[in-house]
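Student: For reference, this is model31.txt, and it has compact mmCIF, C-alpha atoms.
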# COMPACT_ATOMS: atom_id res chain seq x y z
CA MET A 3 41.54 -25.70 -44.71
CA LYS A 4 39.24 -25.11 -41.75
CA LYS A 5 35.53 -25.19 -42.56
CA ILE A 6 33.57 -22.05 -41.76
CA THR A 7 30.75 -24.26 -40.45
CA GLU A 8 33.19 -25.63 -37.83
CA SER A 9 34.71 -22.26 -36.92
CA SER A 10 34.39 -21.04 -33.35
CA SER A 11 31.33 -18.97 -32.50
CA THR A 12 31.87 -15.23 -32.37
CA TYR A 13 30.18 -15.28 -28.95
CA GLU A 14 31.79 -16.42 -25.71
CA ASN A 15 30.47 -17.66 -22.37
CA LEU A 16 27.03 -18.52 -23.66
CA GLU A 17 26.11 -20.21 -20.40
CA LEU A 18 26.48 -16.87 -18.58
CA MET A 19 23.98 -15.04 -20.78
CA THR A 20 20.40 -14.32 -19.74
CA ALA A 21 17.56 -15.85 -21.73
CA GLN A 22 16.90 -12.43 -23.26
CA GLU A 23 20.53 -12.08 -24.36
CA LEU A 24 20.53 -15.56 -25.85
CA VAL A 25 17.40 -15.15 -27.93
CA GLU A 26 18.43 -11.69 -29.16
CA LYS A 27 21.87 -12.90 -30.26
CA ILE A 28 20.49 -16.04 -31.91
CA ASN A 29 18.00 -13.87 -33.78
CA ALA A 30 20.78 -11.50 -34.84
CA GLU A 31 22.64 -14.44 -36.35
CA ASP A 32 19.50 -15.66 -38.10
CA HIS A 33 19.21 -12.30 -39.84
CA LYS A 34 22.38 -13.14 -41.76
CA VAL A 35 20.81 -16.11 -43.53
CA ALA A 36 18.42 -14.59 -46.09
CA PRO A 37 21.05 -12.16 -47.48
CA ALA A 38 23.45 -15.09 -47.90
CA VAL A 39 20.79 -17.02 -49.83
CA LYS A 40 20.10 -13.93 -51.96
CA GLU A 41 23.68 -14.03 -53.20
CA LYS A 42 23.01 -17.45 -54.73
CA LEU A 43 19.70 -16.76 -56.51
CA ASN A 44 21.27 -16.91 -59.98
CA GLN A 45 22.63 -20.38 -59.26
CA ILE A 46 19.30 -21.53 -57.84
CA ALA A 47 17.37 -20.23 -60.86
CA ALA A 48 19.81 -21.90 -63.24
CA LEU A 49 19.24 -25.21 -61.45
CA VAL A 50 15.44 -24.82 -61.60
CA ASP A 51 15.68 -24.18 -65.33
CA GLN A 52 17.51 -27.50 -65.71
CA ILE A 53 15.21 -29.52 -63.46
CA VAL A 54 11.88 -28.47 -64.97
CA PRO A 55 12.28 -29.85 -68.52
CA ARG A 56 13.63 -33.10 -67.12
CA MET A 57 10.64 -33.51 -64.85
CA ARG A 58 8.27 -32.70 -67.70
CA GLU A 59 9.73 -35.72 -69.48
CA GLY A 60 9.27 -37.99 -66.47
CA GLY A 61 12.39 -37.28 -64.43
CA ARG A 62 12.31 -37.13 -60.65
CA LEU A 63 14.05 -35.05 -58.02
CA PHE A 64 16.11 -36.80 -55.33
CA TYR A 65 17.44 -35.16 -52.18
CA ILE A 66 20.23 -36.97 -50.32
CA GLY A 67 21.65 -35.94 -46.96
CA ALA A 68 22.66 -37.03 -43.48
CA GLY A 69 21.44 -35.80 -40.09
CA THR A 70 19.77 -32.39 -40.18
CA SER A 71 20.44 -32.03 -43.90
CA GLY A 72 18.79 -35.34 -44.65
CA ARG A 73 15.78 -34.50 -42.50
CA LEU A 74 15.34 -31.17 -44.28
CA GLY A 75 15.36 -32.94 -47.64
CA ILE A 76 12.75 -35.42 -46.45
CA LEU A 77 10.62 -32.58 -45.08
CA ASP A 78 10.66 -30.72 -48.38
CA ALA A 79 9.98 -33.87 -50.41
CA SER A 80 7.15 -35.03 -48.15
CA GLU A 81 5.33 -31.71 -48.45
CA CYS A 82 5.18 -31.68 -52.25
CA PRO A 83 2.35 -34.24 -52.68
CA PRO A 84 -0.12 -32.60 -50.26
CA THR A 85 0.75 -29.08 -51.39
CA TYR A 86 0.78 -29.65 -55.14
CA GLY A 87 -1.14 -32.89 -55.61
CA VAL A 88 1.83 -34.62 -57.25
CA PRO A 89 2.70 -38.33 -56.95
CA HIS A 90 4.87 -39.33 -53.99
CA ASP A 91 7.68 -40.42 -56.31
CA TRP A 92 8.16 -37.06 -58.01
CA VAL A 93 10.34 -35.69 -55.20
CA ILE A 94 12.15 -38.25 -53.03
CA GLY A 95 14.09 -37.51 -49.85
CA LEU A 96 16.77 -39.98 -48.76
CA ILE A 97 18.67 -39.89 -45.47
CA ALA A 98 21.82 -41.73 -44.42
CA GLY A 99 20.74 -44.61 -42.20
CA GLY A 100 17.29 -44.93 -43.74
CA ASP A 101 13.94 -43.85 -42.36
CA SER A 102 14.86 -44.75 -38.78
CA ALA A 103 17.45 -41.97 -38.91
CA ILE A 104 14.71 -39.36 -39.30
CA ARG A 105 14.08 -39.53 -35.55
CA LYS A 106 17.25 -41.06 -34.17
CA ALA A 107 20.82 -40.74 -35.43
CA VAL A 108 22.28 -43.92 -36.93
CA GLU A 109 25.93 -44.32 -35.98
CA HIS A 110 28.44 -43.97 -38.85
CA ALA A 111 25.67 -43.98 -41.50
CA GLU A 112 26.92 -40.75 -43.05
CA ASP A 113 30.40 -42.22 -43.51
CA ASP A 114 29.26 -44.84 -46.07
CA VAL A 115 30.32 -43.50 -49.45
CA GLU A 116 28.40 -46.12 -51.45
CA GLN A 117 25.04 -46.22 -49.67
CA ALA A 118 23.38 -43.15 -51.20
CA TRP A 119 23.64 -44.54 -54.72
CA LYS A 120 22.23 -47.85 -53.47
CA ASP A 121 19.34 -45.93 -51.92
CA ILE A 122 18.69 -44.14 -55.23
CA GLN A 123 18.85 -47.39 -57.18
CA ALA A 124 16.08 -48.81 -55.00
CA TYR A 125 13.79 -46.40 -56.87
CA GLY A 126 15.33 -47.10 -60.24
CA PHE A 127 17.01 -44.21 -62.01
CA SER A 128 17.01 -42.35 -65.30
CA THR A 129 19.26 -39.74 -66.87
CA LEU A 130 16.22 -37.44 -66.62
CA ASP A 131 16.50 -37.57 -62.81
CA THR A 132 18.17 -34.89 -60.68
CA VAL A 133 20.11 -35.58 -57.48
CA ILE A 134 20.63 -32.73 -55.01
CA GLY A 135 23.14 -33.44 -52.26
CA ILE A 136 22.61 -31.52 -49.03
CA ALA A 137 25.49 -31.17 -46.58
CA ALA A 138 26.32 -28.11 -44.48
CA SER A 139 29.97 -29.13 -44.38
CA GLY A 140 30.06 -30.00 -48.07
CA SER A 141 32.11 -33.07 -47.25
CA THR A 142 29.71 -35.76 -45.98
CA PRO A 143 30.80 -39.10 -47.54
CA TYR A 144 27.24 -40.41 -47.99
CA VAL A 145 26.35 -37.30 -49.99
CA LEU A 146 29.60 -37.04 -51.92
CA GLY A 147 29.49 -40.65 -52.99
CA GLY A 148 25.89 -40.31 -54.10
CA VAL A 149 26.33 -37.24 -56.28
CA GLN A 150 29.59 -38.47 -57.76
CA LYS A 151 28.01 -41.75 -58.87
CA ALA A 152 24.88 -39.98 -60.09
CA LYS A 153 26.93 -37.61 -62.21
CA GLU A 154 28.98 -40.51 -63.56
CA MET A 155 25.73 -42.22 -64.60
CA GLY A 156 24.50 -39.13 -66.45
CA LEU A 157 22.04 -37.67 -63.93
CA LEU A 158 21.90 -33.92 -63.27
CA THR A 159 23.56 -33.10 -59.95
CA ALA A 160 23.52 -30.18 -57.53
CA GLY A 161 24.83 -29.54 -54.04
CA ILE A 162 23.65 -27.31 -51.20
CA SER A 163 26.38 -26.56 -48.66
CA CYS A 164 27.55 -23.77 -46.38
CA ASN A 165 31.30 -23.78 -47.01
CA PRO A 166 33.00 -22.14 -50.00
CA ASP A 167 34.96 -24.34 -52.45
CA SER A 168 33.68 -27.48 -50.75
CA PRO A 169 34.22 -31.01 -52.09
CA LEU A 170 30.47 -31.20 -52.71
CA GLY A 171 30.52 -27.99 -54.72
CA LYS A 172 33.36 -29.31 -56.85
CA ALA A 173 31.64 -32.66 -57.42
CA VAL A 174 28.32 -31.44 -58.86
CA ASP A 175 27.02 -29.66 -61.96
CA HIS A 176 25.28 -26.95 -59.92
CA PRO A 177 26.97 -25.93 -56.65
CA ILE A 178 24.95 -23.73 -54.29
CA GLU A 179 27.23 -22.69 -51.44
CA VAL A 180 25.43 -20.43 -48.98
CA VAL A 181 28.03 -19.14 -46.54
CA VAL A 182 26.35 -17.97 -43.34
CA GLY A 183 29.40 -17.85 -41.05
CA PRO A 184 30.12 -19.59 -37.75
CA GLU A 185 27.17 -20.94 -35.79
CA PHE A 186 26.02 -19.37 -32.52
CA VAL A 187 26.88 -22.67 -30.82
CA THR A 188 30.12 -23.74 -32.47
CA GLY A 189 29.51 -26.39 -35.12
CA SER A 190 25.74 -26.63 -34.53
CA THR A 191 24.78 -26.58 -38.20
CA ARG A 192 21.13 -27.27 -37.45
CA MET A 193 20.95 -23.52 -36.78
CA LYS A 194 21.95 -20.99 -39.48
CA SER A 195 23.17 -23.60 -41.93
CA GLY A 196 19.99 -25.61 -41.54
CA THR A 197 17.88 -22.50 -42.02
CA ALA A 198 19.82 -21.64 -45.19
CA GLN A 199 19.35 -25.14 -46.56
CA LYS A 200 15.61 -25.05 -45.89
CA LEU A 201 15.25 -21.68 -47.61
CA VAL A 202 17.07 -23.00 -50.67
CA LEU A 203 15.03 -26.21 -50.75
CA ASN A 204 11.76 -24.27 -50.38
CA THR A 205 12.80 -22.03 -53.25
CA ILE A 206 13.81 -24.87 -55.55
CA SER A 207 10.75 -27.07 -55.03
CA THR A 208 8.27 -24.18 -55.10
CA ALA A 209 9.72 -22.69 -58.29
CA VAL A 210 9.84 -26.13 -59.94
CA MET A 211 6.23 -26.92 -59.06
CA ILE A 212 5.03 -23.55 -60.32
CA LYS A 213 6.90 -24.00 -63.61
CA LEU A 214 5.38 -27.49 -63.90
CA GLY A 215 1.91 -25.93 -63.75
CA ARG A 216 0.93 -26.99 -60.24
CA VAL A 217 -0.10 -23.45 -59.22
CA LYS A 218 -2.73 -21.27 -60.92
CA GLY A 219 -2.47 -17.54 -60.28
CA ASN A 220 -1.07 -17.81 -56.77
CA LYS A 221 -3.23 -20.70 -55.57
CA MET A 222 -2.45 -24.34 -54.73
CA VAL A 223 -5.21 -25.59 -57.01
CA ASP A 224 -4.07 -29.23 -56.88
CA MET A 225 -3.56 -29.52 -53.11
CA GLN A 226 -4.81 -32.68 -51.42
CA LEU A 227 -7.99 -32.27 -49.39
CA SER A 228 -6.60 -34.09 -46.38
CA ASN A 229 -8.28 -32.14 -43.56
CA ALA A 230 -11.10 -29.71 -42.82
CA LYS A 231 -8.81 -26.67 -43.01
CA LEU A 232 -7.74 -27.53 -46.54
CA VAL A 233 -11.30 -28.27 -47.65
CA ASP A 234 -12.32 -24.84 -46.31
CA ARG A 235 -9.37 -23.19 -48.05
CA GLY A 236 -10.20 -24.90 -51.32
CA THR A 237 -13.87 -23.95 -51.04
CA LYS A 238 -12.97 -20.30 -50.62
CA MET A 239 -10.60 -20.48 -53.60
CA ILE A 240 -13.49 -21.72 -55.75
CA MET A 241 -15.78 -18.97 -54.41
CA GLU A 242 -13.17 -16.39 -55.39
CA ALA A 243 -12.66 -17.90 -58.84
CA THR A 244 -16.33 -18.38 -59.72
CA GLY A 245 -18.44 -16.11 -57.52
CA VAL A 246 -20.65 -18.97 -56.30
CA SER A 247 -21.80 -19.39 -52.70
CA TYR A 248 -19.78 -21.21 -50.07
CA GLU A 249 -22.21 -24.14 -50.16
CA LYS A 250 -22.02 -24.45 -53.94
CA ALA A 251 -18.25 -24.11 -53.95
CA ASN A 252 -17.95 -26.79 -51.29
CA GLU A 253 -20.18 -29.12 -53.29
CA LEU A 254 -18.09 -28.57 -56.43
CA LEU A 255 -14.89 -29.21 -54.53
CA LEU A 256 -16.04 -32.43 -52.91
CA THR A 257 -17.54 -33.83 -56.10
CA GLN A 258 -14.67 -32.84 -58.42
CA GLY A 259 -11.81 -33.55 -56.00
CA SER A 260 -9.64 -30.47 -56.44
CA VAL A 261 -9.85 -26.71 -56.83
CA ARG A 262 -8.58 -26.96 -60.39
CA ASN A 263 -11.09 -29.62 -61.43
CA ALA A 264 -13.98 -27.89 -59.67
CA THR A 265 -13.26 -24.53 -61.28
CA GLU A 266 -12.82 -26.03 -64.73
CA TYR A 267 -16.00 -28.09 -64.34
CA TYR A 268 -17.98 -25.04 -63.29
CA TYR A 269 -16.95 -22.92 -66.25
CA LYS A 270 -17.45 -25.78 -68.68
CA ASN A 271 -20.82 -26.99 -67.41
CA GLU A 272 -22.55 -24.51 -65.10
CA ALA A 273 -21.43 -20.93 -65.73
CA LYS A 274 -24.14 -18.78 -67.31
CA GLY A 275 -23.48 -16.86 -70.47
Mind turning this structure into structure tokens?
Tutor:
Amino acid sequence: MKKITESSSTYENLELMTAQELVEKINAEDHKVAPAVKEKLNQIAALVDQIVPRMREGGRLFYIGAGTSGRLGILDASECPPTYGVPHDWVIGLIAGGDSAIRKAVEHAEDDVEQAWKDIQAYGFSTLDTVIGIAASGSTPYVLGGVQKAKEMGLLTAGISCNPDSPLGKAVDHPIEVVVGPEFVTGSTRMKSGTAQKLVLNTISTAVMIKLGRVKGNKMVDMQLSNAKLVDRGTKMIMEATGVSYEKANELLLTQGSVRNATEYYYKNEAKG
């Protein structure tokens, strides 16, 4: 069966189009992505509901992928600690070929059916862990081998792909198959498929972190204060929460280390009445 992700583009003679025509048609294709993700919200929510209690008990979330899919997993995982103040080993992104493959493709790395499980084992594993395989095609050997072994060992498994009835979808507990149609450039799954995968990953990790208590109201109260912009943002969050001046809020933030700690300290020790 031919994969939709490998189907010929619905556009012809791309090289003859003007720049304006190209960007308009690419944008038109991009508009198809969010509605395709919307169709899978029930499956995404069901997965979140399974991940959260496992992580509360000490489980971790692994993403495994090759090429663009692997890079997207690493991107999502790497943004969780600064955004939510969580340890770096709560969400772990693994890519076929190792870290060097983040910047430069490693030949045949995605064809190794055993390597993903070896990569997971390097971190140790628990039946409380979750492994999400990411593969636009739904057939990448590195990803398939990893989720199959993880499921065999009792870990929760999920798959994010862009083909219906894919091998990945059949191999996991929670298949999320977001079908976005042929790519603008035939087979270039870094485009719509990659966008779909990133939307799903954003949704999963954000919902999980909120359910784990890493957001208060709508604020990133545990974010790392790694640059001046974030210190300023945190200071203003404290001002909003407590009504103190910018200078006082900034002092509280820098002495207490986070928006959450600063706000709690203020109401426990300094608030009047």
Student: Check the smallest atom-to-atom distance from each of A:Ala47, A:Met155, A:Ile136, A:Ala198 to Leu170 of chain A using all atoms listed in the file, then report the winner.
Tutor: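 Of A:Ala47, A:Met155, A:Ile136, A:Ala198, the one nearest Leu170 of chain A, counting all atoms listed in the file, is A:Ile136.
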Student: Mind giving me the straight-line distance from atom CA of Glu26 of chain A to atom CA of Glu41 of chain A in Å, one decimal?
Tutor: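 Separation of atom CA of Glu26 of chain A and atom CA of Glu41 of chain A: 24.7 Å.
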Student: Determine the nearest neighbour of Tyr13 of chain A from the options A:Ala36, A:Cys164, A:Leu43, A:Val187, counting only C-alpha atoms.
Tutor: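 Nearest to Tyr13 of chain A: A:Val187.
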Student: Out of A:Met225, A:Val210, A:Ala273, A:Val217, which residue has the shortest atom-to-atom distance to Arg56 of chain A when counting all atoms listed in the file?
Tutor: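 Using all atoms listed in the file, Arg56 of chain A sits closest to A:Val210.
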Student: Pick out the residues sitting within 12 Å of Thr257 of chain A, and hand them over as a short mmCIF file (atom, residue, chain, number, x, y, z; two decimals) with C-alpha atoms, keeping the file's coordinate frame; count only C-alpha atoms, and ignore anything fewer than 6 positions along from it in its own chain.
Tutor:
data_model
loop_
_atom_site.label_atom_id
_atom_site.label_comp_id
_atom_site.auth_asym_id
_atom_site.auth_seq_id
_atom_site.Cartn_x
_atom_site.Cartn_y
_atom_site.Cartn_z
CA LEU A 227 -7.99 -32.27 -49.39
CA VAL A 233 -11.30 -28.27 -47.65
CA THR A 237 -13.87 -23.95 -51.04
CA LYS A 250 -22.02 -24.45 -53.94
CA ALA A 251 -18.25 -24.11 -53.95
CA ASN A 263 -11.09 -29.62 -61.43
CA ALA A 264 -13.98 -27.89 -59.67
CA THR A 265 -13.26 -24.53 -61.28
CA TYR A 267 -16.00 -28.09 -64.34
CA TYR A 268 -17.98 -25.04 -63.29
#
Student: Please report, as JSON, the centre and edge lengths in Å to one decimal of an axis-aligned box covering all listed atoms of segment 171-178 of chain A with 4 Å per side.
Tutor:
{"center_x": 29.2, "center_y": -28.2, "center_z": -58.1, "size_x": 16.4, "size_y": 16.9, "size_z": 15.7}
Student: Which residues are close to Lys151 of chain A, i.e. within 12 Å by all atoms listed in the file, leaving aside same-chain residues fewer than 4 positions away? Reply as a list in words.
Tutor: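 Neighbouring residues, sequence-local ones excluded: Val115, Glu116, Gln117, Ala118, Trp119, Lys120, Asp121, Ile122, Gln123, Phe127, Val133, Gly135, Pro143, Tyr144, Val145, Leu146, Gly147, Met155, Gly156, Leu157, Leu158, Thr159, Ala173 and Val174 of chain A.
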Student: In Å, rounded to a single decimal, give me how far atom CA of Gly189 of chain A is from atom CA of Phe64 of chain A.
Tutor: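 Those two atoms sit 26.4 Å apart.
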Student: Considering only C-alpha atoms, give me a table of residues in segment 190-231 of chain A that are at most 10 Å from segment 71-95 of chain A, with the closest atom pair and distance in Å for each, as a Markdown table.
Tutor:
| residue | atom | partner | partner_atom | distance |
| --- | --- | --- | --- | --- |
| A:Thr191 | CA | A:Ser71 | CA | 9.0 |
| A:Arg192 | CA | A:Ser71 | CA | 8.0 |
| A:Ser195 | CA | A:Ser71 | CA | 9.1 |
| A:Gly196 | CA | A:Ser71 | CA | 6.9 |
| A:Thr197 | CA | A:Leu74 | CA | 9.3 |
| A:Gln199 | CA | A:Ser71 | CA | 7.5 |
| A:Lys200 | CA | A:Leu74 | CA | 6.3 |
| A:Leu203 | CA | A:Asp78 | CA | 6.7 |
| A:Asn204 | CA | A:Asp78 | CA | 6.8 |
| A:Ile206 | CA | A:Asp78 | CA | 9.8 |
| A:Ser207 | CA | A:Asp78 | CA | 7.6 |
| A:Thr208 | CA | A:Cys82 | CA | 8.6 |
| A:Met211 | CA | A:Tyr86 | CA | 7.2 |
| A:Ile212 | CA | A:Tyr86 | CA | 9.1 |
| A:Gly215 | CA | A:Tyr86 | CA | 9.4 |
| A:Arg216 | CA | A:Tyr86 | CA | 5.8 |
| A:Val217 | CA | A:Tyr86 | CA | 7.5 |
| A:Lys221 | CA | A:Tyr86 | CA | 9.8 |
| A:Met222 | CA | A:Tyr86 | CA | 6.2 |
| A:Val223 | CA | A:Tyr86 | CA | 7.5 |
| A:Asp224 | CA | A:Gly87 | CA | 4.9 |
| A:Met225 | CA | A:Thr85 | CA | 4.7 |
| A:Gln226 | CA | A:Pro84 | CA | 4.8 |
| A:Leu227 | CA | A:Pro84 | CA | 7.9 |
| A:Ser228 | CA | A:Pro84 | CA | 7.7 |
Student: Quick one: of A:Lys213, A:Lys40, A:Lys27, A:Arg58, who's nearest to Val181 of chain A, counting all atoms listed in the file?
Tutor: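 Once distances to Val181 of chain A are computed over all atoms listed in the file, the minimum belongs to A:Lys40.
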Student: Mind giving me the straight-line distance from atom CA of Ala209 of chain A to atom CA of Gln52 of chain A in Å, one decimal?
Tutor: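 If I compute the distance from atom CA of Ala209 of chain A to atom CA of Gln52 of chain A, I get 11.8 Å.
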Student: Pick from A:Ser10, A:Val54, A:Asn229, A:Ala38: nearest to Leu214 of chain A, with only C-alpha atoms counted?
Tutor: A:Val54
Student: So, counting all atoms listed in the file, which residue among A:Glu185, A:Asp234, A:Glu242, A:Glu253 is closest to Lys34 of chain A?
Tutor: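 Between A:Glu185, A:Asp234, A:Glu242, A:Glu253, the residue approaching Lys34 of chain A most closely is A:Glu185.
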Student: Within 6 Å of (24.3, -27.5, -49.2), in the coordinates the file gives, what residues turn up when you count only C-alpha atoms, written out as a PyMOL selection string?
Tutor: chain A and resi 136-138+161-164
